[in-house]
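Here is the file final32.pdb (PDB, C-alpha atoms).
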```
ATOM      1  CA  MET A   1       2.351 -16.362 -19.398
ATOM      2  CA  THR A   2      -0.609 -15.111 -21.475
ATOM      3  CA  ALA A   3      -3.161 -12.746 -19.954
ATOM      4  CA  LEU A   4      -6.015 -15.278 -20.293
ATOM      5  CA  ALA A   5      -5.257 -18.999 -20.476
ATOM      6  CA  ALA A   6      -7.358 -21.356 -22.627
ATOM      7  CA  CYS A   7     -10.023 -23.555 -20.969
ATOM      8  CA  SER A   8      -8.652 -26.716 -19.373
ATOM      9  CA  GLN A   9      -9.499 -30.167 -20.762
ATOM     10  CA  GLY A  10     -11.800 -30.824 -17.802
ATOM     11  CA  GLY A  11     -14.101 -27.994 -18.882
ATOM     12  CA  GLY A  12     -13.026 -25.760 -16.041
ATOM     13  CA  ALA A  13     -13.262 -21.989 -16.250
ATOM     14  CA  ALA A  14     -10.473 -19.986 -17.730
ATOM     15  CA  LYS A  15      -7.811 -18.997 -15.235
ATOM     16  CA  GLU A  16      -7.602 -15.392 -14.193
ATOM     17  CA  PRO A  17      -4.285 -13.662 -14.703
ATOM     18  CA  GLU A  18      -2.071 -13.459 -11.670
ATOM     19  CA  ARG A  19      -2.337 -10.169  -9.880
ATOM     20  CA  GLY A  20       0.484  -7.862 -10.592
ATOM     21  CA  SER A  21       1.456  -9.582 -13.845
ATOM     22  CA  SER A  22       2.006  -7.378 -16.898
ATOM     23  CA  SER A  23       3.357  -7.524 -20.411
ATOM     24  CA  PRO A  24       7.108  -7.252 -20.652
ATOM     25  CA  ALA A  25       8.137  -3.654 -21.163
ATOM     26  CA  SER A  26       9.424  -2.891 -24.660
ATOM     27  CA  VAL A  27      13.183  -2.605 -24.768
ATOM     28  CA  ARG A  28      14.393   0.853 -25.717
ATOM     29  CA  PRO A  29      17.935   1.668 -26.752
ATOM     30  CA  SER A  30      19.854   3.642 -24.181
ATOM     31  CA  GLY A  31      22.289   6.433 -24.862
ATOM     32  CA  PRO A  32      22.523   8.798 -27.834
ATOM     33  CA  SER A  33      21.968   7.498 -31.352
ATOM     34  CA  ALA A  34      24.756   7.389 -33.923
ATOM     35  CA  GLN A  35      23.276  10.485 -35.552
ATOM     36  CA  GLU A  36      23.247  12.356 -32.251
ATOM     37  CA  GLN A  37      26.817  11.296 -31.513
ATOM     38  CA  ALA A  38      27.945  12.552 -34.926
ATOM     39  CA  ARG A  39      26.185  15.873 -34.354
ATOM     40  CA  GLU A  40      27.772  16.221 -30.917
ATOM     41  CA  GLN A  41      31.219  15.497 -32.373
ATOM     42  CA  VAL A  42      30.799  18.163 -35.055
ATOM     43  CA  GLU A  43      29.719  20.747 -32.490
ATOM     44  CA  SER A  44      32.589  19.818 -30.172
ATOM     45  CA  HIS A  45      35.077  20.199 -33.032
ATOM     46  CA  ARG A  46      33.444  23.494 -34.033
ATOM     47  CA  GLN A  47      33.983  24.906 -30.549
ATOM     48  CA  GLN A  48      37.608  23.719 -30.518
ATOM     49  CA  VAL A  49      38.319  25.482 -33.833
ATOM     50  CA  LEU A  50      36.498  28.640 -32.746
ATOM     51  CA  ALA A  51      38.583  28.747 -29.586
ATOM     52  CA  LYS A  52      41.753  28.800 -31.715
ATOM     53  CA  ILE A  53      40.603  31.444 -34.201
ATOM     54  CA  ALA A  54      38.285  33.603 -32.098
ATOM     55  CA  THR A  55      40.587  36.612 -32.357
ATOM     56  CA  GLY A  56      43.218  37.772 -34.802
ATOM     57  CA  ALA A  57      43.535  37.705 -38.580
ATOM     58  CA  LYS A  58      41.827  34.293 -38.930
ATOM     59  CA  ALA A  59      38.705  35.130 -36.940
ATOM     60  CA  PRO A  60      35.434  34.337 -38.771
ATOM     61  CA  ASP A  61      32.859  36.837 -39.947
ATOM     62  CA  GLY A  62      29.312  36.868 -38.586
ATOM     63  CA  GLU A  63      28.358  33.690 -40.472
ATOM     64  CA  GLY A  64      30.635  31.520 -38.316
ATOM     65  CA  LEU A  65      31.875  28.098 -39.482
ATOM     66  CA  SER A  66      30.262  25.985 -42.193
ATOM     67  CA  VAL A  67      30.784  22.201 -42.294
ATOM     68  CA  VAL A  68      32.703  20.991 -45.356
ATOM     69  CA  GLY A  69      32.943  17.308 -44.418
ATOM     70  CA  GLU A  70      32.297  14.940 -41.500
ATOM     71  CA  TYR A  71      34.607  11.959 -40.926
ATOM     72  CA  PRO A  72      34.926   9.206 -38.274
ATOM     73  CA  GLN A  73      37.354  11.166 -36.084
ATOM     74  CA  SER A  74      37.475  14.635 -37.627
ATOM     75  CA  THR A  75      35.496  17.501 -39.131
ATOM     76  CA  ALA A  76      36.436  19.978 -41.865
ATOM     77  CA  PHE A  77      35.159  23.567 -41.739
ATOM     78  CA  PHE A  78      35.047  26.634 -43.989
ATOM     79  CA  TRP A  79      34.612  30.297 -43.077
ATOM     80  CA  SER A  80      35.250  33.820 -44.312
ATOM     81  CA  THR A  81      37.147  36.525 -42.449
ATOM     82  CA  PRO A  82      35.675  40.035 -42.138
ATOM     83  CA  ASN A  83      38.094  41.251 -44.836
ATOM     84  CA  GLY A  84      36.895  38.582 -47.305
ATOM     85  CA  ARG A  85      39.556  35.873 -47.079
ATOM     86  CA  TYR A  86      38.472  32.233 -47.382
ATOM     87  CA  CYS A  87      39.686  29.841 -44.663
ATOM     88  CA  MET A  88      39.523  26.090 -44.067
ATOM     89  CA  ALA A  89      40.334  23.896 -41.071
ATOM     90  CA  ILE A  90      40.418  20.188 -40.292
ATOM     91  CA  TYR A  91      40.118  19.188 -36.648
ATOM     92  CA  ASP A  92      40.456  15.922 -34.776
ATOM     93  CA  PRO A  93      41.562  15.387 -31.178
ATOM     94  CA  GLY A  94      45.141  14.582 -32.160
ATOM     95  CA  HIS A  95      45.727  16.949 -35.058
ATOM     96  CA  HIS A  96      44.391  20.159 -36.546
ATOM     97  CA  THR A  97      45.311  22.559 -39.328
ATOM     98  CA  VAL A  98      44.021  26.022 -40.214
ATOM     99  CA  GLN A  99      44.729  27.721 -43.526
ATOM    100  CA  CYS A 100      43.523  31.090 -44.816
ATOM    101  CA  HIS A 101      44.078  32.250 -48.375
ATOM    102  CA  GLU A 102      45.309  35.789 -48.727
ATOM    103  CA  SER A 103      43.143  36.701 -51.694
ATOM    104  CA  THR A 104      39.632  35.770 -52.791
ATOM    105  CA  LYS A 105      38.899  35.220 -56.456
ATOM    106  CA  PRO A 106      36.528  37.938 -57.699
ATOM    107  CA  PHE A 107      33.003  37.184 -58.839
ATOM    108  CA  SER A 108      32.769  36.251 -62.492
ATOM    109  CA  ARG A 109      30.924  38.701 -64.748
ATOM    110  CA  THR A 110      29.255  35.748 -66.490
ATOM    111  CA  PRO A 111      27.827  32.446 -65.111
ATOM    112  CA  LYS A 112      30.783  30.221 -64.284
ATOM    113  CA  LEU A 113      32.089  27.428 -62.039
ATOM    114  CA  ILE A 114      35.395  28.306 -60.385
ATOM    115  CA  ARG A 115      37.595  25.668 -58.747
ATOM    116  CA  LEU A 116      38.857  27.260 -55.540
ATOM    117  CA  TYR A 117      40.720  24.700 -53.426
ATOM    118  CA  GLU A 118      41.351  20.996 -53.787
ATOM    119  CA  THR A 119      42.744  19.131 -50.815
ATOM    120  CA  ASP A 120      43.008  15.755 -49.100
ATOM    121  CA  PHE A 121      41.918  15.736 -45.451
ATOM    122  CA  GLY A 122      43.446  12.306 -44.909
ATOM    123  CA  SER A 123      40.167  10.502 -44.176
ATOM    124  CA  PRO A 124      38.109   8.075 -46.282
ATOM    125  CA  GLY A 125      35.963  10.333 -48.430
ATOM    126  CA  GLY A 126      38.152  13.245 -47.330
ATOM    127  CA  TYR A 127      39.377  14.331 -50.768
ATOM    128  CA  VAL A 128      37.463  17.567 -51.259
ATOM    129  CA  LEU A 129      37.073  20.143 -54.014
ATOM    130  CA  LEU A 130      35.695  23.545 -53.050
ATOM    131  CA  VAL A 131      33.820  25.157 -55.952
ATOM    132  CA  ALA A 132      32.322  28.618 -56.416
ATOM    133  CA  ALA A 133      29.251  28.786 -58.631
ATOM    134  CA  ASP A 134      28.916  32.383 -59.798
ATOM    135  CA  ARG A 135      25.465  33.415 -61.083
ATOM    136  CA  GLU A 136      24.358  29.767 -61.329
ATOM    137  CA  THR A 137      23.333  26.760 -59.193
ATOM    138  CA  ILE A 138      24.771  23.249 -59.336
ATOM    139  CA  ARG A 139      22.161  20.559 -60.009
ATOM    140  CA  SER A 140      24.347  17.473 -60.475
ATOM    141  CA  VAL A 141      27.990  16.432 -60.764
ATOM    142  CA  THR A 142      29.380  13.205 -62.220
ATOM    143  CA  CYS A 143      32.838  11.646 -62.415
ATOM    144  CA  GLY A 144      33.181   9.129 -65.214
ATOM    145  CA  GLY A 145      29.396   8.775 -65.233
ATOM    146  CA  ALA A 146      29.117   8.160 -61.466
ATOM    147  CA  PRO A 147      27.378  10.786 -59.278
ATOM    148  CA  VAL A 148      29.545  12.926 -57.012
ATOM    149  CA  GLU A 149      28.193  14.025 -53.642
ATOM    150  CA  PHE A 150      28.183  17.768 -53.068
ATOM    151  CA  ARG A 151      27.192  20.034 -50.196
ATOM    152  CA  GLU A 152      26.166  23.691 -50.326
ATOM    153  CA  ILE A 153      28.223  25.436 -47.675
ATOM    154  CA  ARG A 154      27.925  29.212 -48.131
ATOM    155  CA  MET A 155      26.204  31.866 -50.240
ATOM    156  CA  TYR A 156      27.421  35.379 -51.009
ATOM    157  CA  GLY A 157      26.089  38.410 -52.830
ATOM    158  CA  LYS A 158      22.720  39.381 -54.238
ATOM    159  CA  THR A 159      20.449  37.671 -56.735
ATOM    160  CA  ASP A 160      21.980  39.455 -59.724
ATOM    161  CA  ALA A 161      25.531  38.699 -58.593
ATOM    162  CA  GLN A 162      25.359  35.631 -56.389
ATOM    163  CA  ARG A 163      28.129  33.194 -55.489
ATOM    164  CA  THR A 164      27.351  29.815 -53.941
ATOM    165  CA  LEU A 165      30.150  27.708 -52.493
ATOM    166  CA  TYR A 166      29.936  23.913 -52.734
ATOM    167  CA  ALA A 167      32.104  21.130 -51.320
ATOM    168  CA  LEU A 168      32.436  18.084 -53.613
ATOM    169  CA  GLU A 169      33.620  14.880 -51.901
ATOM    170  CA  PHE A 170      35.566  11.983 -53.431
ATOM    171  CA  GLU A 171      36.694   8.652 -51.965
ATOM    172  CA  GLY A 172      40.336   9.572 -52.585
ATOM    173  CA  PRO A 173      42.666  11.565 -54.859
ATOM    174  CA  THR A 174      41.000  11.981 -58.239
ATOM    175  CA  THR A 175      42.114  13.144 -61.681
ATOM    176  CA  GLY A 176      40.450  14.169 -64.916
ATOM    177  CA  ALA A 177      37.367  16.315 -65.435
ATOM    178  CA  LEU A 178      33.889  16.478 -63.912
ATOM    179  CA  LYS A 179      30.652  16.797 -65.850
ATOM    180  CA  THR A 180      28.157  19.223 -64.321
ATOM    181  CA  ARG A 181      24.554  20.360 -64.803
ATOM    182  CA  VAL A 182      23.839  23.903 -63.648
ATOM    183  CA  SER A 183      20.806  26.175 -63.566
ATOM    184  CA  ARG A 184      21.137  29.723 -64.867
ATOM    185  CA  ALA A 185      18.660  32.516 -65.502
ATOM    186  CA  ASP A 186      18.146  31.212 -69.047
ATOM    187  CA  GLY A 187      17.756  27.509 -68.174
ATOM    188  CA  VAL A 188      19.794  24.373 -67.477
ATOM    189  CA  HIS A 189      23.269  23.946 -68.983
ATOM    190  CA  THR A 190      25.943  21.246 -68.990
ATOM    191  CA  SER A 191      29.622  22.014 -68.566
ATOM    192  CA  THR A 192      32.991  20.458 -67.794
ATOM    193  CA  LEU A 193      35.096  21.263 -64.732
ATOM    194  CA  PRO A 194      38.718  20.020 -64.810
ATOM    195  CA  LEU A 195      40.232  18.814 -61.556
ATOM    196  CA  ALA A 196      43.659  20.007 -60.447
ATOM    197  CA  TRP A 197      45.379  16.957 -61.925
ATOM    198  CA  SER A 198      45.004  15.433 -65.369
ATOM    199  CA  ASP A 199      45.481  11.732 -66.108
ATOM    200  CA  ASP A 200      48.776  12.503 -67.867
ATOM    201  CA  GLU A 201      50.252  13.996 -64.711
ATOM    202  CA  VAL A 202      49.761  10.867 -62.599
ATOM    203  CA  PRO A 203      51.938   7.722 -63.002
ATOM    204  CA  PRO A 204      50.165   4.780 -64.697
ATOM    205  CA  ASP A 205      50.524   2.618 -61.569
ATOM    206  CA  SER A 206      48.977   5.285 -59.325
ATOM    207  CA  ASP A 207      45.967   4.379 -57.147
ATOM    208  CA  TRP A 208      44.298   7.699 -57.980
ATOM    209  CA  HIS A 209      40.799   7.458 -59.419
ATOM    210  CA  SER A 210      40.173   8.942 -62.867
ATOM    211  CA  CYS A 211      37.043  10.751 -64.061
ATOM    212  CA  GLY A 212      38.299  10.641 -67.639
ATOM    213  CA  ALA A 213      39.443  13.448 -69.896
ATOM    214  CA  SER A 214      37.393  16.552 -70.580
TER     215      SER A 214
END
```
Here is a file; write its structure as structure tokens.
Amino acid sequence: MTALAACSQGGGAAKEPERGSSSPASVRPSGPSAQEQAREQVESHRQQVLAKIATGAKAPDGEGLSVVGEYPQSTAFFWSTPNGRYCMAIYDPGHHTVQCHESTKPFSRTPKLIRLYETDFGSPGGYVLLVAADRETIRSVTCGGAPVEFREIRMYGKTDAQRTLYALEFEGPTTGALKTRVSRADGVHTSTLPLAWSDDEVPPDSDWHSCGAS
């Protein structure tokens, strides 16, 4: 019913609104949003991983855990130990793995991209390459001309000897070589970064995606 009705055909006065009537209240969604739910899941998984590695040789340094990837039921994390080892974990309610690498590749003396670890977390979009950018910053990455999503996850060192770790995500197992644009002290450069597998090492009938040769 409208607040003020139109005049009647008989020329009568406009009707007054009924007392107590009001506009319908706007409907608001209840419960947390999808974004909030995702954030809560990540934090829940973070606490579960921390509970498993809080002490011992796999305990994280003061920087804690960095998110590598977020998936429908799981989360992947990266961290460093106080003695400089690099560690990764994937956690979901039914399964989790933790792996620490005994040695860390040293900083490059010249600007360089270093492929650290390449792994499949078993989720859509869960094929991940961890890259160290020594003395440079990644601006873009492409695979066969298509952009590749990447996430900055950790930074080490000082300005004159800085290492930035990035996680690059693919829809599934991928072969070939990536094309990259990086910023260095002397400007922007392009380079090629081979993946762990070349096209020749994968059977022709494989469902792996190819970025093409270097």
Up to 10 Å from (29.8, 9.2, -63.9) in the file's coordinates: name the residues, counting all atoms listed in the file, as a ChimeraX atom specification. /A:141-148,178-179,211-212
Point-to-point distance from atom CA of A:His189 to atom CA of A:Asp134, Å rounded to tenths: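 Distance reported for this atom pair: 13.7 Å.
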May I have the residues at most 9 Å from (31.2, 24.9, -37.7) in the file's coordinates, counting only C-alpha atoms, as a ChimeraX atom specification? /A:42-43,45-47,49-50,64-68,75-79
Which is closest to A:Pro60 among A:Val182, A:Leu130, A:Val202, A:Cys87, if we use only C-alpha atoms?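 Looking at the shortest contact to A:Pro60, the residue is A:Cys87.
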Pull out every residue that the PyMOL selection byres ((chain A and resi 121) around 10) matches in the shown coordinates and put them as an NGL selection string. :A and (69 or 71 or 74-76 or 89-91 or 97 or 118-120 or 122-128 or 172)
